[in-house]
Amino acid sequence: MKLYQSLSILFFTGISLSISSCSKFLDRVPPSSLKEELVANKKGINALLVGAYGALDGQDFTDGDMTNLSGGSGYAVSPDNWIYGSVCGGDAHKGSDHFDSPPTLDLARFSAGATNSFLNDKWRVNYEGITRCNTVLKLLPEATDMSEDEKTEIAAEAHFLRGHYYSDLKKMFNMVPWIDETTTDMKTPNNQDIWPKIEADFKFAMDNLALTQSEVGRPNKWAAAAYLAKTYMYEHNYNEAKPLFDLITTTGVTSKGDRYALRNRFEDNFDAATENTSESVFAIQYDANDNSGTSANANQGQMLNYPYNGPFSCCGFFQPTQDLVNSYITDAQGLPILDGYNTHNVNTETVDPRLDWTVGRKDIPYLDWGVHPGDTWIREASTAGHYSPKKNVYWQSTQDEYYDPRGWAPGNAINYNVIRYADVLLMAAECEAQLGNTDAAERYVNIVRTRAARPESAVYKYEDDSEPMDGFSDVPAANYKVSPYPTGTFSSKGKDYALKAIYFERKLELAMEGHRFFDLVRWGIADQAMNAFFAFEGRITLDIQGANFIKGTNEYFAIPQRQIDLSTNGGKITLQQNNGYH
């Protein structure tokens, strides 16, 4: 059973008077002042914990109405970070037309300042989740009708979720204030690196979470271990990360108890009918056509990101870039072209089949919706290129079950995998390469590439183009060629080559999933990569012409001015702005 469907109404109708989702983070009433007699018991604590989960997607559901926890737009706070991680990382253009959603365009061009409303929305949603976790941890010791084991499990889940919310804030804004269950002054300065505190949350979760869960939406010990290992990777602490990756990849299991393993079919990660499998480390659970009366539990963050003028109701955003498309071109050996891929022609050379599960392109089957017609489905090709997103799109044959039409734009039941097993494998490869273990790094990368090379991971032509739901033939839709690296390639070419190959593999495997920008920053190459991207892509589309990434500033987004203003204490500003912003 998915967690939210069964319990979300309990939280929002029974506890919503205690926590106002519309209040601002720095105006938040401390947890100690809540009406504790209403919630300091097993039922109340569990409802509060579900509320902490409920903040994962930034949506609120109260008395039949769906609202955004930030007060802004649901797509601006989407937990998949399609704007901040993918658009800002060169995976995708904003899409739509040039004048639609100026805040997104400013972010894509790295011209967004402290008054960009989306940044304030993102800040507020994450601190809403943190506040809900803190409330659980504050009240938990006072519950007298719970066993110590029950309390420990709930505390571990709250620490895990708090670590998740703080990780998102840290990646986006770097220096953010740490507020926990002991904090009484909400106007806390942002003058310390909070990675060690995030570590502590995930360590507690890993040490205390159950190995399996009765509800698939809850994290287990191994999900916490993966988050902790990823935290170490952001800190460049490879010696601490390696033993965790060793354990996760040899003994780790999902919350359902399945051993971690890649599925044979790449696309299974992006289909509501095949989710929560052996690849799912931690996923935000979505549902369609449930009992809520709204589309609140569907994936609302991607509601804009469907082809325009096609069989969908909205809206032409999130269009893959030519740079991303060209990255999937392969050489005669079926290996990626790490340098100079943009000098090749994707229409005449061999490609990695992951391209056509990631990008909708002309003359290739678009799931079972028909052959993609090209610019007919594009709102404004001059500003956003010729391609459509694909990983977030539901299938026509199962839309009655997994598409939710009740919102003003499409909702669907496709989960968002915050961490999936291929992500873990590629982080493990990176960790091994950083420690000089190039053979081990190569083995991890080749697990991912071997799956990509399986026949099940190719896209095939329809039996009949005029009847796409009649099924697929055995004829590949494009000239696919992908292979693992020959044994010994990484060791013979050295650490720098190995890391370049691993970085590129993450681009291919995790494209359009909100990781790219944060990876580039973590590797210290964001300025090089993004300015090269602007130079190339700016010759093709108008939206990013003249854009520029400033090293030492644009690695992090501006602290929202609204939050700085709210931080005034005794006439003195508590929150300090990031370098280079005014």
# chains A, B, ... in the order shown; residues from 1 in each chain; ligands from 1

call {"tool": "residues_around", "arguments": {"residues": "Ile544 (chain A)", "least_positions_apart": "5", "cutoff": "7 Å", "atoms": "only C-alpha atoms", "output": "JSON, numbers by chain"}}
result
{"A": [109, 534, 538]}

call {"tool": "atom_distance", "arguments": {"atom1": "CA of Arg263 (chain A)", "atom2": "CA of Thr277 (chain A)"}}
result
8.0 Å

call {"tool": "residues_around", "arguments": {"residues": "Asn412 (chain A)", "least_positions_apart": "3", "cutoff": "9 Å", "atoms": "only C-alpha atoms", "output": "ChimeraX atom specification"}}
result
/A:272,286-289,295,297-300,302-303,392-394,399,401-405,415

call {"tool": "atom_distance", "arguments": {"atom1": "CA of Thr321 (chain A)", "atom2": "CA of Gly340 (chain A)"}}
result
16.0 Å

call {"tool": "residues_around", "arguments": {"residues": "Arg451 (chain A)", "least_positions_apart": "5", "cutoff": "8 Å", "atoms": "only C-alpha atoms", "output": "ChimeraX atom specification"}}
result
/A:262-266,457

call {"tool": "closest_residue", "arguments": {"among": "A:Ile573, A:Ala224, A:Leu542, A:Leu211", "to": "Gln561 (chain A)", "atoms": "only C-alpha atoms"}}
result
A:Ile573

call {"tool": "residues_around", "arguments": {"residues": "Gly471 (chain A)", "least_positions_apart": "3", "cutoff": "7 Å", "atoms": "only C-alpha atoms", "output": "PyMOL selection string"}}
result
chain A and resi 462-463+468

call {"tool": "select_by_dssp", "arguments": {"residues": "region 313-436 of chain A", "states": "alpha helix (DSSP H)", "output": "MDAnalysis selection string"}}
result
chainID A and resid 322:327 355:358 381:384 399:402 421:434

call {"tool": "atom_distance", "arguments": {"atom1": "CA of Glu128 (chain A)", "atom2": "CA of Asp290 (chain A)"}}
result
24.6 Å

call {"tool": "closest_residue", "arguments": {"among": "A:Glu513, A:Asp368, A:Asp323, A:Asp97", "to": "Tyr341 (chain A)", "atoms": "only C-alpha atoms"}}
result
A:Asp323

call {"tool": "closest_residue", "arguments": {"among": "A:Val445, A:Val77, A:Leu209, A:Val351", "to": "Pro486 (chain A)", "atoms": "only C-alpha atoms"}}
result
A:Val445

call {"tool": "residues_around", "arguments": {"residues": "Leu575 (chain A)", "least_positions_apart": "4", "cutoff": "9 Å", "atoms": "only C-alpha atoms", "output": "PyMOL selection string"}}
result
chain A and resi 176-177+187-191+559+563-568
